[in-house]
file data-v3.pdb (PDB, C-alpha atoms)
ATOM      1  CA  SER A   1       0.000   0.000   0.000  1.00  0.00           C
ATOM      2  CA  PRO A   2       1.144   3.619  -0.417  1.00  0.00           C
ATOM      3  CA  PHE A   3       1.310   4.082   3.360  1.00  0.00           C
ATOM      4  CA  ARG A   4       3.661   1.108   3.773  1.00  0.00           C
ATOM      5  CA  PHE A   5       5.850   2.425   0.968  1.00  0.00           C
ATOM      6  CA  LEU A   6       6.105   5.876   2.542  1.00  0.00           C
ATOM      7  CA  THR A   7       6.751   4.391   5.963  1.00  0.00           C
ATOM      8  CA  ALA A   8       9.587   2.271   4.576  1.00  0.00           C
ATOM      9  CA  LEU A   9      10.998   5.221   2.645  1.00  0.00           C
ATOM     10  CA  PHE A  10      11.088   7.535   5.638  1.00  0.00           C
ATOM     11  CA  ARG A  11      12.486   4.864   7.933  1.00  0.00           C
ATOM     12  CA  ALA A  12      15.361   4.508   5.473  1.00  0.00           C
ATOM     13  CA  LEU A  13      16.275   8.194   5.802  1.00  0.00           C
ATOM     14  CA  PRO A  14      18.640   8.741   8.747  1.00  0.00           C
ATOM     15  CA  CYS A  15      16.820  11.914   9.813  1.00  0.00           C
ATOM     16  CA  CYS A  16      13.483  10.112  10.089  1.00  0.00           C
ATOM     17  CA  GLN A  17      14.857   7.838  12.773  1.00  0.00           C
ATOM     18  CA  ARG A  18      15.226  10.770  15.158  1.00  0.00           C
ATOM     19  CA  ALA A  19      12.672  12.752  17.099  1.00  0.00           C
ATOM     20  CA  SER A  20      11.359  15.806  15.266  1.00  0.00           C
ATOM     21  CA  SER A  21      12.718  18.108  17.975  1.00  0.00           C
ATOM     22  CA  GLU A  22      16.314  17.079  17.265  1.00  0.00           C
ATOM     23  CA  ALA A  23      18.574  18.952  14.901  1.00  0.00           C
ATOM     24  CA  ARG A  24      18.277  18.384  11.178  1.00  0.00           C
ATOM     25  CA  CYS A  25      20.616  15.803   9.768  1.00  0.00           C
ATOM     26  CA  CYS A  26      19.857  16.103   6.049  1.00  0.00           C
ATOM     27  CA  SER A  27      18.939  18.898   3.676  1.00  0.00           C
ATOM     28  CA  LEU A  28      15.415  17.499   3.248  1.00  0.00           C
ATOM     29  CA  CYS A  29      14.221  18.405   6.723  1.00  0.00           C
ATOM     30  CA  PRO A  30      12.866  21.916   7.240  1.00  0.00           C
ATOM     31  CA  PRO A  31      13.243  23.605  10.607  1.00  0.00           C
ATOM     32  CA  PRO A  32      10.604  22.375  13.055  1.00  0.00           C
ATOM     33  CA  GLY A  33       7.430  24.427  13.213  1.00  0.00           C
ATOM     34  CA  PRO A  34       4.891  24.917  15.986  1.00  0.00           C
ATOM     35  CA  THR A  35       4.065  21.203  16.183  1.00  0.00           C
ATOM     36  CA  ALA A  36       4.644  18.116  18.296  1.00  0.00           C
ATOM     37  CA  GLY A  37       4.704  14.479  17.273  1.00  0.00           C
ATOM     38  CA  ASP A  38       5.166  15.125  13.558  1.00  0.00           C
ATOM     39  CA  TRP A  39       7.476  13.224  11.219  1.00  0.00           C
ATOM     40  CA  CYS A  40      10.993  14.639  11.141  1.00  0.00           C
ATOM     41  CA  CYS A  41      10.346  16.344   7.797  1.00  0.00           C
ATOM     42  CA  ALA A  42       7.174  17.993   9.179  1.00  0.00           C
ATOM     43  CA  LEU A  43       5.015  16.129   6.674  1.00  0.00           C
ATOM     44  CA  ASN A  44       1.752  16.578   8.595  1.00  0.00           C
ATOM     45  CA  GLU A  45       2.401  20.260   9.235  1.00  0.00           C
ATOM     46  CA  HIS A  46       3.181  20.940   5.582  1.00  0.00           C
ATOM     47  CA  ALA A  47       0.158  18.956   4.382  1.00  0.00           C
ATOM     48  CA  LEU A  48      -2.116  20.965   6.675  1.00  0.00           C
ATOM     49  CA  CYS A  49      -0.573  24.266   5.571  1.00  0.00           C
ATOM     50  CA  ARG A  50      -0.917  23.293   1.893  1.00  0.00           C
ATOM     51  CA  CYS A  51      -4.609  22.462   2.415  1.00  0.00           C
ATOM     52  CA  LEU A  52      -5.199  25.766   4.220  1.00  0.00           C
ATOM     53  CA  LEU A  53      -3.427  27.685   1.450  1.00  0.00           C
ATOM     54  CA  ALA A  54      -5.346  25.852  -1.311  1.00  0.00           C
ATOM     55  CA  ASP A  55      -8.653  26.613   0.425  1.00  0.00           C
ATOM     56  CA  ALA A  56      -7.672  30.262   0.846  1.00  0.00           C
ATOM     57  CA  ARG A  57      -6.870  30.523  -2.853  1.00  0.00           C
ATOM     58  CA  ARG A  58     -10.116  28.787  -3.796  1.00  0.00           C
ATOM     59  CA  THR A  59     -12.265  31.035  -1.600  1.00  0.00           C
ATOM     60  CA  GLY A  60     -10.257  34.227  -2.061  1.00  0.00           C
ATOM     61  CA  LYS A  61      -9.731  34.564   1.691  1.00  0.00           C
ATOM     62  CA  GLN A  62      -6.592  34.914   3.777  1.00  0.00           C
ATOM     63  CA  SER A  63      -5.041  31.627   4.948  1.00  0.00           C
ATOM     64  CA  PRO A  64      -5.249  31.099   8.726  1.00  0.00           C
ATOM     65  CA  GLU A  65      -2.024  31.025  10.733  1.00  0.00           C
ATOM     66  CA  LEU A  66      -0.969  27.745  12.337  1.00  0.00           C
ATOM     67  CA  ILE A  67      -0.384  28.464  16.029  1.00  0.00           C
ATOM     68  CA  TRP A  68       0.095  24.909  17.333  1.00  0.00           C
ATOM     69  CA  ALA A  69      -0.508  21.334  16.234  1.00  0.00           C
ATOM     70  CA  SER A  70      -0.087  17.985  17.918  1.00  0.00           C
ATOM     71  CA  TRP A  71       0.066  14.902  15.708  1.00  0.00           C
ATOM     72  CA  GLU A  72       0.462  12.482  18.615  1.00  0.00           C
ATOM     73  CA  VAL A  73      -1.946   9.540  18.843  1.00  0.00           C
ATOM     74  CA  ARG A  74      -2.283   9.036  22.575  1.00  0.00           C
ATOM     75  CA  GLY A  75      -4.793   6.164  22.768  1.00  0.00           C
ATOM     76  CA  VAL A  76      -8.469   5.362  23.150  1.00  0.00           C
ATOM     77  CA  CYS A  77     -10.601   8.169  24.636  1.00  0.00           C
ATOM     78  CA  LYS A  78      -7.632  10.523  24.571  1.00  0.00           C
ATOM     79  CA  ALA A  79      -7.310  13.671  22.489  1.00  0.00           C
ATOM     80  CA  PRO A  80      -6.655  12.802  18.836  1.00  0.00           C
ATOM     81  CA  PRO A  81      -4.283  14.925  16.745  1.00  0.00           C
ATOM     82  CA  TYR A  82      -5.411  18.550  16.648  1.00  0.00           C
ATOM     83  CA  ALA A  83      -4.378  21.987  15.446  1.00  0.00           C
ATOM     84  CA  VAL A  84      -4.966  25.511  16.698  1.00  0.00           C
ATOM     85  CA  LEU A  85      -5.344  28.125  13.957  1.00  0.00           C
ATOM     86  CA  LEU A  86      -5.718  31.886  14.071  1.00  0.00           C
ATOM     87  CA  ASP A  87      -7.996  33.292  11.386  1.00  0.00           C
ATOM     88  CA  HIS A  88      -6.904  36.928  11.168  1.00  0.00           C
ATOM     89  CA  GLN A  89      -9.544  37.840   8.599  1.00  0.00           C
ATOM     90  CA  CYS A  90     -12.489  36.634  10.732  1.00  0.00           C
ATOM     91  CA  GLN A  91     -10.680  37.353  14.019  1.00  0.00           C
ATOM     92  CA  GLU A  92     -11.358  33.820  15.271  1.00  0.00           C
ATOM     93  CA  LEU A  93      -9.367  31.168  17.071  1.00  0.00           C
ATOM     94  CA  VAL A  94     -10.128  27.804  15.454  1.00  0.00           C
ATOM     95  CA  ILE A  95      -9.420  24.405  17.024  1.00  0.00           C
ATOM     96  CA  VAL A  96      -9.414  21.590  14.471  1.00  0.00           C
ATOM     97  CA  VAL A  97      -9.608  17.983  15.691  1.00  0.00           C
ATOM     98  CA  ARG A  98      -8.836  15.027  13.446  1.00  0.00           C
ATOM     99  CA  GLY A  99     -11.673  12.544  13.052  1.00  0.00           C
ATOM    100  CA  THR A 100     -11.651   8.758  12.882  1.00  0.00           C
ATOM    101  CA  LEU A 101      -8.484   7.354  11.314  1.00  0.00           C
ATOM    102  CA  ASN A 102      -7.514   4.083  12.967  1.00  0.00           C
ATOM    103  CA  LEU A 103      -8.829   1.183  15.035  1.00  0.00           C
ATOM    104  CA  GLN A 104      -8.375   3.072  18.318  1.00  0.00           C
ATOM    105  CA  ASP A 105     -10.596   5.858  16.970  1.00  0.00           C
ATOM    106  CA  CYS A 106     -13.200   3.274  15.914  1.00  0.00           C
ATOM    107  CA  VAL A 107     -13.282   1.944  19.485  1.00  0.00           C
ATOM    108  CA  ALA A 108     -13.953   5.486  20.706  1.00  0.00           C
ATOM    109  CA  ASP A 109     -16.702   5.861  18.087  1.00  0.00           C
ATOM    110  CA  LEU A 110     -18.358   2.667  19.320  1.00  0.00           C
ATOM    111  CA  GLU A 111     -18.379   4.052  22.846  1.00  0.00           C
ATOM    112  CA  ALA A 112     -21.562   5.915  21.967  1.00  0.00           C
ATOM    113  CA  ARG A 113     -23.220   6.003  25.364  1.00  0.00           C
ATOM    114  CA  PRO A 114     -24.764   9.424  25.949  1.00  0.00           C
ATOM    115  CA  LYS A 115     -23.270  11.487  28.766  1.00  0.00           C
ATOM    116  CA  PHE A 116     -24.967  14.365  30.510  1.00  0.00           C
ATOM    117  CA  PHE A 117     -23.294  17.632  29.498  1.00  0.00           C
ATOM    118  CA  ASP A 118     -24.573  21.023  30.581  1.00  0.00           C
ATOM    119  CA  PRO A 119     -21.851  23.692  30.331  1.00  0.00           C
ATOM    120  CA  PHE A 120     -24.360  26.567  30.090  1.00  0.00           C
ATOM    121  CA  GLY A 121     -26.772  25.507  32.864  1.00  0.00           C
ATOM    122  CA  MET A 122     -29.652  24.818  30.454  1.00  0.00           C
ATOM    123  CA  ALA A 123     -30.948  21.693  32.230  1.00  0.00           C
ATOM    124  CA  VAL A 124     -33.076  22.094  35.324  1.00  0.00           C
ATOM    125  CA  THR A 125     -31.143  19.356  37.132  1.00  0.00           C
ATOM    126  CA  GLU A 126     -29.099  16.385  36.047  1.00  0.00           C
ATOM    127  CA  ALA A 127     -31.701  14.031  37.572  1.00  0.00           C
ATOM    128  CA  ALA A 128     -34.494  15.721  35.613  1.00  0.00           C
ATOM    129  CA  SER A 129     -32.615  15.389  32.351  1.00  0.00           C
ATOM    130  CA  LYS A 130     -31.964  11.604  32.287  1.00  0.00           C
ATOM    131  CA  ASP A 131     -34.572  11.181  29.526  1.00  0.00           C
ATOM    132  CA  LEU A 132     -33.045  11.640  26.075  1.00  0.00           C
ATOM    133  CA  ASP A 133     -36.327  13.108  24.792  1.00  0.00           C
ATOM    134  CA  ASN A 134     -36.376  15.807  27.445  1.00  0.00           C
ATOM    135  CA  GLU A 135     -35.775  19.212  25.848  1.00  0.00           C
ATOM    136  CA  THR A 136     -33.910  20.421  28.918  1.00  0.00           C
ATOM    137  CA  GLY A 137     -31.513  17.456  28.856  1.00  0.00           C
ATOM    138  CA  VAL A 138     -28.191  18.036  27.181  1.00  0.00           C
ATOM    139  CA  PHE A 139     -26.302  14.926  26.091  1.00  0.00           C
ATOM    140  CA  VAL A 140     -23.151  14.279  24.110  1.00  0.00           C
ATOM    141  CA  HIS A 141     -21.260  11.256  22.765  1.00  0.00           C
ATOM    142  CA  GLY A 142     -19.462   9.882  25.839  1.00  0.00           C
ATOM    143  CA  ALA A 143     -16.138   9.071  24.190  1.00  0.00           C
ATOM    144  CA  MET A 144     -16.084  12.366  22.298  1.00  0.00           C
ATOM    145  CA  LEU A 145     -16.555  14.184  25.600  1.00  0.00           C
ATOM    146  CA  ALA A 146     -13.663  12.216  27.145  1.00  0.00           C
ATOM    147  CA  CYS A 147     -11.444  13.133  24.159  1.00  0.00           C
ATOM    148  CA  ALA A 148     -12.453  16.797  24.390  1.00  0.00           C
ATOM    149  CA  GLU A 149     -11.764  16.884  28.134  1.00  0.00           C
ATOM    150  CA  ASP A 150      -8.340  15.308  27.523  1.00  0.00           C
ATOM    151  CA  LEU A 151      -7.653  17.944  24.862  1.00  0.00           C
ATOM    152  CA  LEU A 152      -8.269  20.732  27.355  1.00  0.00           C
TER
END
call {"tool": "encode", "arguments": {"input": "data-v3.pdb", "output": "structure tokens"}}
result
Amino acid sequence: SPFRFLTALFRALPCCQRASSEARCCSLCPPPGPTAGDWCCALNEHALCRCLLADARRTGKQSPELIWASWEVRGVCKAPPYAVLLDHQCQELVIVVRGTLNLQDCVADLEARPKFFDPFGMAVTEAASKDLDNETGVFVHGAMLACAEDLL
């Protein structure tokens, strides 16, 4: 598969066998950006930036600035890879979270038990909002809530 080929290729490069925070050892590796857990050549960071730039060109808007990104896969019900972007044109801080990619993410997706979630105090009480049909009850996907709490 293409992924196996790329994995083998980058494992063959001496620089790809080091942590991304270490000094560059070949002319292929750019200086590290505002990311953690990326390949040594900042492949994820550059792919994200290329997508942001392509979308900006397509829409005629300014490309958002990458403030921070973590590409680390930390396990089931933990924060998946994410990025923090600053959209200067809209004056917004945007947090982008990667969706389902691997088996661990699928396990989190299957953990679909609803959890009570009321950050704005909309429910009368937690006991009164146990019914999913209750308009005052606020529920979220349990595993997604655990991932979001780990992200914070």
call {"tool": "residues_around", "arguments": {"input": "data-v3.pdb", "residues": "Val140 in chain A", "least_positions_apart": "6", "cutoff": "8 Å", "atoms": "all atoms listed in the file", "output": "JSON, numbers by chain"}}
result
{"A": [114, 115, 116, 117]}
call {"tool": "atom_distance", "arguments": {"input": "data-v3.pdb", "atom1": "CA of Cys41 in chain A", "atom2": "CA of Phe3 in chain A"}}
result
15.9 Å
call {"tool": "closest_residue", "arguments": {"input": "data-v3.pdb", "among": "A:Ala83, A:Val94, A:Cys77, A:Ile67", "to": "Ala146 in chain A", "atoms": "only C-alpha atoms"}}
result
A:Cys77
call {"tool": "atom_distance", "arguments": {"input": "data-v3.pdb", "atom1": "CA of Gly37 in chain A", "atom2": "CA of Trp68 in chain A"}}
result
11.4 Å
call {"tool": "atom_distance", "arguments": {"input": "data-v3.pdb", "atom1": "CA of Asp55 in chain A", "atom2": "CA of Cys90 in chain A"}}
result
14.9 Å
call {"tool": "closest_residue", "arguments": {"input": "data-v3.pdb", "among": "A:His141, A:Glu111, A:Ala79, A:Gln62", "to": "Gln91 in chain A", "atoms": "all atoms listed in the file"}}
result
A:Gln62
call {"tool": "resolve_selection", "arguments": {"input": "data-v3.pdb", "expression": "the PyMOL selection byres ((chain A and resi 97-105) around 9)", "output": "PyMOL selection string"}}
result
chain A and resi 75-77+79-84+95-96+106-110
call {"tool": "closest_residue", "arguments": {"input": "data-v3.pdb", "among": "A:Ala69, A:Ala56, A:Leu85, A:Val138", "to": "Ala42 in chain A", "atoms": "all atoms listed in the file"}}
result
A:Ala69
call {"tool": "axis_aligned_box", "arguments": {"input": "data-v3.pdb", "around": "range 107-120 of chain A", "padding_each_side": "5 Å", "output": "lines of an AutoDock Vina configuration file"}}
result
center_x = -19.1
center_y = 14.3
center_z = 24.3
size_x = 21.7
size_y = 34.6
size_z = 22.5
call {"tool": "closest_residue", "arguments": {"input": "data-v3.pdb", "among": "A:His46, A:Arg4, A:Lys61, A:Arg113", "to": "Gly33 in chain A", "atoms": "all atoms listed in the file"}}
result
A:His46
